[in-house]
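Read the structure below first, then the notes.
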Amino acid sequence: MYSLLLYLYQLGVAVASLFSEKVRKMWRGERDAFRVLREKTDPTARYVWFHAASLGEFEQGRPLMEQLRATHPELKILLTFFSPSGYEVRKDYQGADIICYLPLDTPTNARRFLRLIRPEMAFFIKYEFWYNYLHILKHRQVPVYSVSSIFREGQVFFRWYGSQYGRVLRCFTHFYVQNQKSLDLLATLGLHNATITGDTRFDRVLQIKEQARQLPTVEQFLASGSQDAAAQAAPRKVFVAGSSWGPDEEIFIRYFQEHPQWKLIIAPHVIGEDHLKQIETLLRGWSVTRYTQASADPAGTWRSRPTTASSPEALIIDCFGLLSSIYRYATVSYVGGGFGVGIHNVLEAAVWGCPVVFGPNNERFQEAQELKAAGGGFDIKGYDDFARLMDSLSADADRLASSGQKAACYVQSRAGATRTILADVGC
């Protein structure tokens with residue numbers, strides 16, 4: 001049944017590739033993977049294979065890859081992706097020796113792939129459970145590890161009809177899971193080769209913080225504005241909205257229209273001209289600058305629209321790759337997506353020691369739940385919730401500082417999964 005579904009999926013992808021550039025890239029990438037492996041694989045080398053579905057899983061695996069490379073330079077790293085949103089962004093990543101798409105999980109592809117690469121061990125990140133690859137790895141007695149994995153009762157492995165597919169879990173040498181619930185669910189299947197190590201993303205965001213850049217353009221924006229002595233004596237607070245969508249923007253922009261003592265930095269999730277214009281429409285009457293259009297004269301004077309002491313000011317980040325560094329400037333941060341399919345990465349903001357606000361769709365995100373419980377995160381259901389929260393944080397400096405400290409302490413307290421995992425596998 002699994003193989004039949006795969007072939008039907010392959011047919012669907014082939015048809016969809018005629019209409020979607022993203023699907024077409026994945027289709028071509030999977031077909032091209034064997035050529036890449038033939039050209040780049042060193043038959044005398046010792047490979048460790050990391051597989052990540054997409055960009056988020058790559059970020060979870062990245063601390064493992066980089067630590068492994070630092071401590072065992074004699075090993076080479078193969079990195080595979082399933083999704084174009086991972087491969088296209090990280091195809092030039094310098095931390096791996098070979099990067100390609102993972103060919104479709106047919107028995108023929110799996111055998112051919114593993115004959116070419118012959119990995120000494122394999123790491124599958126979070127939700128990756130490829131039936132044929134895993135069974136052949138087990139048959140070849142290759143150690144296979146599931147990293148930063150989470151299991152939930154609704155997954156097919158724990159349903160009455162999923163027992164056959166659930167056998168794939170017995171192919172893993174060890175599971176490094178994020179929480180006790182996952183450990184308990186695996187135990188119901190008689191699987192006790194599991195350890196709670198937490199999420200390697202905590203190690204990754206600490207790495208990102210260490211490597212964060214100073215951003216002169218942002219600093220010039222924050223230093224600009226009123227020359228009023230009172231305003232300079234009490235610098236305006238900074239609200240950073242990361243990965244925001246339309247419903248998020250409608251809420252926080254409305255609030256800051258009436259609270260110009262804050263400066264607003266918006267890094268939207270979708271950076272397209274239509275969305276940028278929608279944001280600028282919401283910001284009508286503000287002093288607004290796009291990051292890529294900002295500049296300073298030799299004296300360092302910020303060039304934007306004229307502003308007064310009472311004018312709200314906003315900087316729109318209309319390019320990628322800056323958000324994790326921009327959070328460093330936040331007094332309060334907001335992570336978008338919570339009024340849609342789910343929130344984005346709250347840890348990149350929390351690591352900087354600022355309170356993190358997000359929308360209501362956060363139940364499936366363990367780090368958001370834990371951040372709330374720690375007192376460093378706050379969810380809102382609409383404008384009134386947001387206004388009450390921001391009024392409270394603005395008026396209570398102790399609460400503002402304490403919430404930020406709790407956010408930073410939460411991230412620090414969960415770090416260390418990378419070191420534990422690699423020590424346990426003998427690397």
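Just remember, in the structure tokens the first chain shown is A, the second B, etc., residues are 1-based per chain, and ligands are 1-based in the order shown.
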
- Can you pull out every residue within 9 Å of region 186-191 of chain A, counting only C-alpha atoms, but drop anything in the same chain fewer than 2 positions away, and send it as a list in words? Phe151, Phe157, Phe158, Gly166, Leu169, Arg170, Lys181, Ser182, Leu183, Asp184, Asn193 and Ala194 of chain A

Selected residues written out, N, CA, C and O atoms, as a tab-separated table (two decimals), in the first residue's frame:
```tsv
chain	number	residue	atom	x	y	z
A	151	PHE	N	6.27	13.23	19.18
A	151	PHE	CA	5.20	12.30	18.82
A	151	PHE	C	3.90	12.74	19.49
A	151	PHE	O	3.90	13.21	20.64
A	157	PHE	N	1.18	6.21	13.63
A	157	PHE	CA	1.82	5.12	14.36
A	157	PHE	C	0.97	4.62	15.52
A	157	PHE	O	1.05	3.46	15.92
A	158	PHE	N	0.15	5.52	16.09
A	158	PHE	CA	-0.59	5.21	17.31
A	158	PHE	C	-2.08	4.96	17.03
A	158	PHE	O	-2.87	4.86	17.97
A	166	GLY	N	3.72	1.61	11.24
A	166	GLY	CA	4.41	1.88	12.49
A	166	GLY	C	5.68	1.07	12.69
A	166	GLY	O	6.53	1.42	13.51
A	169	LEU	N	9.25	2.63	12.85
A	169	LEU	CA	9.88	3.16	14.05
A	169	LEU	C	10.91	2.20	14.64
A	169	LEU	O	11.84	2.61	15.33
A	170	ARG	N	10.74	0.92	14.36
A	170	ARG	CA	11.68	-0.08	14.89
A	170	ARG	C	13.00	-0.09	14.12
A	170	ARG	O	13.93	-0.80	14.49
A	181	LYS	N	5.86	13.29	26.85
A	181	LYS	CA	4.73	12.72	26.12
A	181	LYS	C	5.21	11.84	24.98
A	181	LYS	O	4.69	10.74	24.76
A	182	SER	N	6.22	12.30	24.26
A	182	SER	CA	6.77	11.50	23.16
A	182	SER	C	7.38	10.21	23.68
A	182	SER	O	7.20	9.14	23.09
A	183	LEU	N	8.08	10.31	24.80
A	183	LEU	CA	8.69	9.13	25.41
A	183	LEU	C	7.61	8.12	25.80
A	183	LEU	O	7.74	6.91	25.55
A	184	ASP	N	6.53	8.61	26.38
A	184	ASP	CA	5.43	7.73	26.82
A	184	ASP	C	4.74	7.07	25.63
A	184	ASP	O	4.37	5.89	25.69
A	193	ASN	N	13.99	2.65	23.42
A	193	ASN	CA	15.29	3.21	23.00
A	193	ASN	C	15.13	4.69	22.70
A	193	ASN	O	15.34	5.16	21.58
A	194	ALA	N	14.77	5.45	23.74
A	194	ALA	CA	14.50	6.88	23.57
A	194	ALA	C	14.98	7.65	24.78
A	194	ALA	O	14.96	7.15	25.91
```

- Task: Please provide the set of residues having any atom within 10 Å of region 377-391 of chain A, restricted to only C-alpha atoms, with same-chain residues fewer than 3 positions apart removed, written as a PyMOL selection string.
- Result: chain A and resi 247-248+250-252+254-256+259+332-334+338-339+346+350+354-362+367-374+394-396+400+403-404+406-407

Selection above as a file: C-alpha atoms, as a compact mmCIF listing (two decimals), in the first residue's frame:
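Everything below was put into result06.txt:
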```
# COMPACT_ATOMS: atom_id res chain seq x y z
CA PRO A 247 -4.06 39.91 10.39
CA ASP A 248 -1.08 40.50 12.68
CA GLU A 250 -3.80 45.15 11.33
CA ILE A 251 -3.68 44.65 15.10
CA PHE A 252 -0.32 46.10 16.08
CA ARG A 254 -3.64 50.15 14.88
CA TYR A 255 -2.23 50.26 18.41
CA PHE A 256 0.95 52.17 17.57
CA HIS A 259 1.14 55.36 20.76
CA VAL A 332 9.00 43.94 22.86
CA SER A 333 8.85 41.49 19.98
CA TYR A 334 5.94 39.99 18.07
CA GLY A 338 -0.72 32.95 15.05
CA PHE A 339 -3.85 34.11 13.25
CA VAL A 346 9.55 32.45 18.84
CA ALA A 350 13.20 35.19 23.08
CA CYS A 354 12.59 40.61 25.34
CA PRO A 355 8.93 39.65 25.92
CA VAL A 356 7.48 37.76 22.95
CA VAL A 357 3.88 38.27 21.80
CA PHE A 358 2.04 35.98 19.34
CA GLY A 359 -1.43 35.06 18.12
CA PRO A 360 -3.81 32.36 19.39
CA ASN A 361 -2.87 29.46 17.09
CA ASN A 362 0.05 28.27 19.20
CA GLU A 367 8.23 26.22 22.76
CA ALA A 368 5.40 28.77 22.71
CA GLN A 369 3.54 26.93 25.45
CA GLU A 370 6.66 26.68 27.57
CA LEU A 371 7.59 30.31 26.95
CA LYS A 372 4.15 31.37 28.18
CA ALA A 373 4.48 29.17 31.26
CA ALA A 374 7.90 30.69 31.96
CA SER A 394 4.54 50.18 28.78
CA ALA A 395 3.40 51.32 32.21
CA ASP A 396 5.25 48.73 34.31
CA LEU A 400 8.72 44.56 31.10
CA SER A 403 9.34 39.21 31.23
CA GLY A 404 12.35 39.74 28.99
CA LYS A 406 12.37 35.14 31.82
CA ALA A 407 12.36 34.72 28.04
```

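For Ala70 (chain A), the list of residues within 12 Å, based on only C-alpha atoms and with local chain neighbours fewer than 4 positions off taken out, reads Pro63, Leu64, Met65, Glu66, Glu74, Leu75, Lys76, Ile77, Gly95, Ala96, Leu422 and Cys427 of chain A.
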
- Residue with smallest distance to Arg118 (chain A) - pool A:Phe221, A:Phe320, A:Trp49, A:Tyr291, counting only C-alpha atoms: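 Checking each candidate against Arg118 (chain A), we get A:Trp49 as the closest.
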
- Task: Determine which residues of region 202-420 of chain A receive a DSSP assignment of strand (DSSP E or B), computed from the backbone, and state them as a ChimeraX atom specification.
- Result: /A:237-244,262-268,287-290,296,302,313-316,332-335,356-358,377-379

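Compared by their closest atoms to Cys409 (chain A), and using only C-alpha atoms, the residues A:Val48, A:Cys171, A:Leu347, A:Ile117 rank with A:Leu347 nearest.
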
- Looking at only C-alpha atoms, which of A:Arg35, A:Lys237, A:Arg414, A:Arg213 is the one that sits closest to Gly321 (chain A)?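 So, comparing all the options, the nearest one is A:Arg213.
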
Among region 110-215 of chain A, which ones does DSSP assign to alpha helix (DSSP H) (computed from the backbone)? Answer as a PDB file with N, CA, C and O atoms, in the first residue's frame.
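That gives us part-v2.pdb:
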```pdb
ATOM      1  N   ALA A 110      15.953   3.794  -2.904  1.00  0.00           N
ATOM      2  CA  ALA A 110      16.632   3.687  -1.614  1.00  0.00           C
ATOM      3  C   ALA A 110      17.894   2.821  -1.732  1.00  0.00           C
ATOM      4  O   ALA A 110      18.955   3.172  -1.204  1.00  0.00           O
ATOM      5  N   ARG A 111      17.782   1.692  -2.418  1.00  0.00           N
ATOM      6  CA  ARG A 111      18.960   0.817  -2.586  1.00  0.00           C
ATOM      7  C   ARG A 111      20.050   1.526  -3.387  1.00  0.00           C
ATOM      8  O   ARG A 111      21.231   1.481  -3.040  1.00  0.00           O
ATOM      9  N   ARG A 112      19.641   2.181  -4.474  1.00  0.00           N
ATOM     10  CA  ARG A 112      20.606   2.871  -5.328  1.00  0.00           C
ATOM     11  C   ARG A 112      21.294   3.994  -4.564  1.00  0.00           C
ATOM     12  O   ARG A 112      22.517   4.166  -4.646  1.00  0.00           O
ATOM     13  N   PHE A 113      20.532   4.768  -3.815  1.00  0.00           N
ATOM     14  CA  PHE A 113      21.051   5.886  -3.034  1.00  0.00           C
ATOM     15  C   PHE A 113      22.070   5.398  -2.007  1.00  0.00           C
ATOM     16  O   PHE A 113      23.175   5.941  -1.888  1.00  0.00           O
ATOM     17  N   LEU A 114      21.727   4.359  -1.269  1.00  0.00           N
ATOM     18  CA  LEU A 114      22.594   3.881  -0.198  1.00  0.00           C
ATOM     19  C   LEU A 114      23.821   3.134  -0.723  1.00  0.00           C
ATOM     20  O   LEU A 114      24.864   3.100  -0.060  1.00  0.00           O
ATOM     21  N   ARG A 115      23.722   2.569  -1.913  1.00  0.00           N
ATOM     22  CA  ARG A 115      24.920   1.960  -2.522  1.00  0.00           C
ATOM     23  C   ARG A 115      25.929   3.034  -2.897  1.00  0.00           C
ATOM     24  O   ARG A 115      27.142   2.817  -2.832  1.00  0.00           O
ATOM     25  N   LEU A 116      25.429   4.205  -3.299  1.00  0.00           N
ATOM     26  CA  LEU A 116      26.322   5.289  -3.690  1.00  0.00           C
ATOM     27  C   LEU A 116      27.002   5.938  -2.488  1.00  0.00           C
ATOM     28  O   LEU A 116      28.200   6.205  -2.507  1.00  0.00           O
ATOM     29  N   ILE A 117      26.251   6.187  -1.426  1.00  0.00           N
ATOM     30  CA  ILE A 117      26.784   7.006  -0.339  1.00  0.00           C
ATOM     31  C   ILE A 117      27.358   6.176   0.801  1.00  0.00           C
ATOM     32  O   ILE A 117      28.286   6.601   1.480  1.00  0.00           O
ATOM     33  N   TYR A 131       9.984   5.016   4.911  1.00  0.00           N
ATOM     34  CA  TYR A 131       9.843   3.575   5.157  1.00  0.00           C
ATOM     35  C   TYR A 131      10.947   2.750   4.507  1.00  0.00           C
ATOM     36  O   TYR A 131      11.607   1.938   5.159  1.00  0.00           O
ATOM     37  N   ASN A 132      11.169   2.921   3.215  1.00  0.00           N
ATOM     38  CA  ASN A 132      12.133   2.071   2.505  1.00  0.00           C
ATOM     39  C   ASN A 132      13.575   2.423   2.857  1.00  0.00           C
ATOM     40  O   ASN A 132      14.406   1.526   3.069  1.00  0.00           O
ATOM     41  N   TYR A 133      13.887   3.715   2.919  1.00  0.00           N
ATOM     42  CA  TYR A 133      15.242   4.098   3.320  1.00  0.00           C
ATOM     43  C   TYR A 133      15.578   3.534   4.694  1.00  0.00           C
ATOM     44  O   TYR A 133      16.671   2.992   4.916  1.00  0.00           O
ATOM     45  N   LEU A 134      14.646   3.649   5.627  1.00  0.00           N
ATOM     46  CA  LEU A 134      14.920   3.219   6.993  1.00  0.00           C
ATOM     47  C   LEU A 134      15.050   1.709   7.112  1.00  0.00           C
ATOM     48  O   LEU A 134      15.918   1.199   7.833  1.00  0.00           O
ATOM     49  N   HIS A 135      14.225   0.972   6.398  1.00  0.00           N
ATOM     50  CA  HIS A 135      14.331  -0.481   6.461  1.00  0.00           C
ATOM     51  C   HIS A 135      15.640  -0.981   5.846  1.00  0.00           C
ATOM     52  O   HIS A 135      16.262  -1.921   6.368  1.00  0.00           O
ATOM     53  N   ILE A 136      16.073  -0.353   4.762  1.00  0.00           N
ATOM     54  CA  ILE A 136      17.329  -0.791   4.142  1.00  0.00           C
ATOM     55  C   ILE A 136      18.520  -0.375   5.008  1.00  0.00           C
ATOM     56  O   ILE A 136      19.497  -1.120   5.133  1.00  0.00           O
ATOM     57  N   LEU A 137      18.455   0.792   5.642  1.00  0.00           N
ATOM     58  CA  LEU A 137      19.505   1.183   6.582  1.00  0.00           C
ATOM     59  C   LEU A 137      19.614   0.175   7.727  1.00  0.00           C
ATOM     60  O   LEU A 137      20.715  -0.218   8.132  1.00  0.00           O
ATOM     61  N   LYS A 138      18.470  -0.267   8.225  1.00  0.00           N
ATOM     62  CA  LYS A 138      18.488  -1.248   9.299  1.00  0.00           C
ATOM     63  C   LYS A 138      19.087  -2.566   8.813  1.00  0.00           C
ATOM     64  O   LYS A 138      19.897  -3.200   9.501  1.00  0.00           O
ATOM     65  N   HIS A 139      18.685  -2.989   7.610  1.00  0.00           N
ATOM     66  CA  HIS A 139      19.215  -4.223   7.038  1.00  0.00           C
ATOM     67  C   HIS A 139      20.735  -4.152   6.875  1.00  0.00           C
ATOM     68  O   HIS A 139      21.441  -5.147   7.074  1.00  0.00           O
ATOM     69  N   SER A 163      -0.579   0.180  12.327  1.00  0.00           N
ATOM     70  CA  SER A 163       0.411  -0.733  12.902  1.00  0.00           C
ATOM     71  C   SER A 163       1.454  -1.184  11.884  1.00  0.00           C
ATOM     72  O   SER A 163       2.633  -1.319  12.209  1.00  0.00           O
ATOM     73  N   GLN A 164       1.038  -1.394  10.636  1.00  0.00           N
ATOM     74  CA  GLN A 164       1.992  -1.861   9.636  1.00  0.00           C
ATOM     75  C   GLN A 164       3.024  -0.785   9.320  1.00  0.00           C
ATOM     76  O   GLN A 164       4.237  -1.045   9.322  1.00  0.00           O
ATOM     77  N   TYR A 165       2.546   0.445   9.087  1.00  0.00           N
ATOM     78  CA  TYR A 165       3.494   1.517   8.823  1.00  0.00           C
ATOM     79  C   TYR A 165       4.326   1.823  10.068  1.00  0.00           C
ATOM     80  O   TYR A 165       5.494   2.215   9.980  1.00  0.00           O
ATOM     81  N   GLY A 166       3.717   1.605  11.243  1.00  0.00           N
ATOM     82  CA  GLY A 166       4.410   1.881  12.488  1.00  0.00           C
ATOM     83  C   GLY A 166       5.677   1.072  12.687  1.00  0.00           C
ATOM     84  O   GLY A 166       6.531   1.425  13.514  1.00  0.00           O
ATOM     85  N   GLN A 180       8.333  14.446  27.472  1.00  0.00           N
ATOM     86  CA  GLN A 180       7.924  13.222  28.148  1.00  0.00           C
ATOM     87  C   GLN A 180       6.785  12.540  27.408  1.00  0.00           C
ATOM     88  O   GLN A 180       6.710  11.299  27.358  1.00  0.00           O
ATOM     89  N   LYS A 181       5.860  13.294  26.853  1.00  0.00           N
ATOM     90  CA  LYS A 181       4.729  12.724  26.123  1.00  0.00           C
ATOM     91  C   LYS A 181       5.209  11.840  24.977  1.00  0.00           C
ATOM     92  O   LYS A 181       4.690  10.744  24.758  1.00  0.00           O
ATOM     93  N   SER A 182       6.220  12.302  24.258  1.00  0.00           N
ATOM     94  CA  SER A 182       6.767  11.497  23.155  1.00  0.00           C
ATOM     95  C   SER A 182       7.378  10.213  23.685  1.00  0.00           C
ATOM     96  O   SER A 182       7.204   9.136  23.094  1.00  0.00           O
ATOM     97  N   LEU A 183       8.082  10.307  24.796  1.00  0.00           N
ATOM     98  CA  LEU A 183       8.687   9.128  25.407  1.00  0.00           C
ATOM     99  C   LEU A 183       7.607   8.117  25.797  1.00  0.00           C
ATOM    100  O   LEU A 183       7.742   6.907  25.546  1.00  0.00           O
ATOM    101  N   ASP A 184       6.526   8.609  26.380  1.00  0.00           N
ATOM    102  CA  ASP A 184       5.435   7.729  26.822  1.00  0.00           C
ATOM    103  C   ASP A 184       4.736   7.069  25.632  1.00  0.00           C
ATOM    104  O   ASP A 184       4.374   5.885  25.692  1.00  0.00           O
ATOM    105  N   LEU A 185       4.522   7.815  24.555  1.00  0.00           N
ATOM    106  CA  LEU A 185       3.856   7.246  23.380  1.00  0.00           C
ATOM    107  C   LEU A 185       4.707   6.155  22.741  1.00  0.00           C
ATOM    108  O   LEU A 185       4.182   5.105  22.336  1.00  0.00           O
ATOM    109  N   LEU A 186       5.993   6.366  22.646  1.00  0.00           N
ATOM    110  CA  LEU A 186       6.870   5.330  22.108  1.00  0.00           C
ATOM    111  C   LEU A 186       6.825   4.079  22.985  1.00  0.00           C
ATOM    112  O   LEU A 186       6.842   2.949  22.481  1.00  0.00           O
ATOM    113  N   ALA A 187       6.735   4.277  24.290  1.00  0.00           N
ATOM    114  CA  ALA A 187       6.683   3.139  25.211  1.00  0.00           C
ATOM    115  C   ALA A 187       5.431   2.294  24.988  1.00  0.00           C
ATOM    116  O   ALA A 187       5.464   1.071  25.188  1.00  0.00           O
ATOM    117  N   THR A 188       4.329   2.916  24.557  1.00  0.00           N
ATOM    118  CA  THR A 188       3.106   2.140  24.293  1.00  0.00           C
ATOM    119  C   THR A 188       3.296   1.166  23.137  1.00  0.00           C
ATOM    120  O   THR A 188       2.548   0.194  23.011  1.00  0.00           O
ATOM    121  N   ARG A 201      17.059  23.255  18.402  1.00  0.00           N
ATOM    122  CA  ARG A 201      16.853  24.646  17.983  1.00  0.00           C
ATOM    123  C   ARG A 201      17.322  25.640  19.051  1.00  0.00           C
ATOM    124  O   ARG A 201      17.694  26.768  18.730  1.00  0.00           O
ATOM    125  N   PHE A 202      17.270  25.244  20.326  1.00  0.00           N
ATOM    126  CA  PHE A 202      17.748  26.144  21.374  1.00  0.00           C
ATOM    127  C   PHE A 202      19.244  26.404  21.207  1.00  0.00           C
ATOM    128  O   PHE A 202      19.715  27.523  21.371  1.00  0.00           O
ATOM    129  N   ASP A 203      19.986  25.341  20.872  1.00  0.00           N
ATOM    130  CA  ASP A 203      21.413  25.527  20.606  1.00  0.00           C
ATOM    131  C   ASP A 203      21.616  26.409  19.378  1.00  0.00           C
ATOM    132  O   ASP A 203      22.526  27.244  19.346  1.00  0.00           O
ATOM    133  N   ARG A 204      20.770  26.221  18.393  1.00  0.00           N
ATOM    134  CA  ARG A 204      20.908  26.990  17.156  1.00  0.00           C
ATOM    135  C   ARG A 204      20.645  28.480  17.378  1.00  0.00           C
ATOM    136  O   ARG A 204      21.395  29.327  16.879  1.00  0.00           O
ATOM    137  N   VAL A 205      19.609  28.825  18.136  1.00  0.00           N
ATOM    138  CA  VAL A 205      19.335  30.256  18.310  1.00  0.00           C
ATOM    139  C   VAL A 205      20.419  30.920  19.156  1.00  0.00           C
ATOM    140  O   VAL A 205      20.710  32.120  18.973  1.00  0.00           O
ATOM    141  N   LEU A 206      21.037  30.172  20.050  1.00  0.00           N
ATOM    142  CA  LEU A 206      22.165  30.731  20.789  1.00  0.00           C
ATOM    143  C   LEU A 206      23.364  30.955  19.864  1.00  0.00           C
ATOM    144  O   LEU A 206      24.089  31.947  20.003  1.00  0.00           O
ATOM    145  N   GLN A 207      23.568  30.031  18.914  1.00  0.00           N
ATOM    146  CA  GLN A 207      24.600  30.240  17.886  1.00  0.00           C
ATOM    147  C   GLN A 207      24.304  31.504  17.080  1.00  0.00           C
ATOM    148  O   GLN A 207      25.191  32.323  16.818  1.00  0.00           O
ATOM    149  N   ILE A 208      23.045  31.636  16.667  1.00  0.00           N
ATOM    150  CA  ILE A 208      22.642  32.787  15.854  1.00  0.00           C
ATOM    151  C   ILE A 208      22.886  34.086  16.617  1.00  0.00           C
ATOM    152  O   ILE A 208      23.357  35.086  16.052  1.00  0.00           O
ATOM    153  N   LYS A 209      22.574  34.074  17.898  1.00  0.00           N
ATOM    154  CA  LYS A 209      22.795  35.278  18.697  1.00  0.00           C
ATOM    155  C   LYS A 209      24.274  35.644  18.723  1.00  0.00           C
ATOM    156  O   LYS A 209      24.638  36.823  18.589  1.00  0.00           O
ATOM    157  N   GLU A 210      25.116  34.650  18.891  1.00  0.00           N
ATOM    158  CA  GLU A 210      26.555  34.912  18.931  1.00  0.00           C
ATOM    159  C   GLU A 210      27.073  35.478  17.609  1.00  0.00           C
ATOM    160  O   GLU A 210      28.019  36.255  17.575  1.00  0.00           O
ATOM    161  N   GLN A 211      26.430  35.068  16.499  1.00  0.00           N
ATOM    162  CA  GLN A 211      26.884  35.481  15.177  1.00  0.00           C
ATOM    163  C   GLN A 211      26.115  36.684  14.632  1.00  0.00           C
ATOM    164  O   GLN A 211      26.340  37.099  13.491  1.00  0.00           O
TER     165      GLN A 211
END
```

- Task: Determine, counting only C-alpha atoms, which protein, DNA and RNA residues have an atom within 10 Å of an atom of Leu282 (chain A); residues of the same chain fewer than 3 positions away are not included. Present the result as a list in words.
- Result: Gly246, Glu249, Glu250, Ile253, Arg254, Gln257, Lys277, Gln278, Ile279, Gly285 and Trp286 of chain A

- Which of A:Ser413, A:Ser287, A:Gln366, A:Ser243 sits closest to Gly340 (chain A) [using only C-alpha atoms]: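 Looking at the shortest contact to Gly340 (chain A), the residue is A:Ser243.
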
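With only C-alpha atoms as the atoms that count, the minimum distance from Leu276 (chain A) to the choices A:Arg290, A:Lys91, A:Arg399, A:His51 is reached by A:Arg290.
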
- Query: If you count only C-alpha atoms, which residues fall within 10 Å of His275 (chain A), apart from same-chain ones fewer than 6 positions away, as a count of residues only?
  - Reply: 5

- Non-local contacts of Ala417 (chain A) (8 Å; only C-alpha atoms; under 5 positions in same chain excluded) as an MDAnalysis selection string: chainID A and resid 197:200 203

Based on the selection just made, write C-alpha atoms of those residues as a compact mmCIF listing (two decimals), in the first residue's frame.
```txt
# COMPACT_ATOMS: atom_id res chain seq x y z
CA THR A 197 17.14 15.67 25.11
CA GLY A 198 14.96 18.60 24.10
CA ASP A 199 15.17 20.55 20.89
CA THR A 200 18.45 21.38 19.14
CA ASP A 203 21.41 25.53 20.61
```

- Note on the structure: Residue with the minimum atom-to-atom distance to Gly56 (chain A), picked from A:Arg152, A:His344, A:Arg419, A:Arg236 with only C-alpha atoms counted, is A:His344

- Query: Hey, can you check how far CA of Trp262 (chain A) sits from CA of Glu313 (chain A)?
  - Reply: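 Computing the Euclidean distance for CA of Trp262 (chain A) and CA of Glu313 (chain A) yields 7.9 Å.
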
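Of note, CA of Arg31 (chain A) and CA of Tyr101 (chain A) are spaced 8.5 Å apart.
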